[in-house]
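Colleague: To start, I am sharing the structure in question, which I have written as structure tokens.
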Amino acid sequence: MSVHVLNQPASPSSAMTDPFGRTISYLRVSVTDRCDLRCFYCMSEDMTFLPKADLLTLEELDRLCSAFIAKGVRKLRLTGGEPLVRRNVMSLVRSLSRHLGSGALNELTLTTNGSQLARFADELRDCGIRRINVSLDTLDPAKFRAITRWGDLDKVLAGIEAARAAGLAVKINAVALKNINEEEIPALMEWAHGKGMALTLIEVMPMATSAQAVSISMCRCPCCVRASPRTIRSPTSTTIPAGPRATSASARPAASWASSRR
């Protein structure tokens, strides 16, 4: 069986709409459930991932995304897990970039934890990506390691700088964690805006049942805290744009709900 996917934008009659009659033009696609970090609010430390045989191949993902583009999707975001840990994922990014060249797609972007950006930033730029989101909840190395369980903050910061040097616009996604990083949010804003990056604050999404208490202990940290399930609330996000009014009351709600894996 052969599948022929059109490259030109969808006609009004073929465009997808939701039950409220709104045109669907933005698609987020998870290319893997795997991640090289284990943020306590997102994954258990000892995760059981899907068998690789159950995942769509990169070729199948390309066909799927292309079919949605033919139906009117104009912005495509690749997510995970951590999308850049998927083997040969850049072949998918490069293949999908053909839709940018044809005009069928307005924007191709991705959300990442930043750990692999130093390796891929230049190639992402070469593939037509112009903006990325980077998940970063703290600038404190001890807190970062506690939240991610084993992450290296310096590696992520180096990745962000590599992305900026490559010419990518970076937006920071920070999960607001009661009693963990809430006191640091002003410093995160100043750091992000000082580098010309917007900052989105995201509430924790409920990822565990009552029998699976989500907690984090930082007993070696001077600000030792424990986050209980009571701090987990509904998903919302607020984007604070970089610029002169960044710290004012002009923060605006983001257009879409934050993904559980951001």
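Chain identifiers are assigned as A, B, and so on, following the order in which chains appear in the structure tokens; residues are numbered from 1 within each chain, and ligands are numbered from 1 in order of appearance.
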As a PyMOL selection string, please: the residues near region 93-95 of chain A (cut-off 8 Å, only C-alpha atoms, same-chain neighbours under 4 positions excluded).

Modeller: chain A and resi 62+89+124+127

Colleague: So which one's closest to Ala158 (chain A), A:Gly21, A:Gly103, A:Pro83, A:Gly114? Using only C-alpha atoms, please.

Modeller: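 Residue with the minimum atom-to-atom distance to Ala158 (chain A): A:Gly114.
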
Colleague: I'd like the interatomic distance between CA of Leu201 (chain A) and CA of Leu96 (chain A), to a tenth of an Å.

Modeller: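 So the answer is 29.3 Å.
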
Colleague: Report, in Å to a single decimal, how far apart CA of Asp122 (chain A) and CA of Asn88 (chain A) are.

Modeller: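 According to the coordinates, CA of Asn88 (chain A) and CA of Asp122 (chain A) are separated by 15.5 Å.
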
Colleague: For Lys171 (chain A), which of A:Gly196, A:Gly72, A:Gly151, A:Pro186 is the closest residue, counting only C-alpha atoms?

Modeller: A:Gly196

Colleague: Between CA of Phe68 (chain A) and CA of Leu110 (chain A), measure the distance and give it in Å to one decimal.

Modeller: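 About the pair CA of Phe68 (chain A) and CA of Leu110 (chain A): they are 16.7 Å apart.
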
Colleague: Which residues, written as a PyMOL selection string, have at least one atom at most 9 Å from Leu188 (chain A), with only C-alpha atoms counted and residues fewer than 6 positions away on the same chain left out?

Modeller: chain A and resi 137-139+174+199

Colleague: Contacts of Glu161 (chain A) at 12 Å or less, counting only C-alpha atoms, minus same-chain residues fewer than 3 places along, as an NGL selection string?

Modeller: :A and (114-119 or 121-122 or 134 or 154-158 or 164-170 or 192 or 195-197)
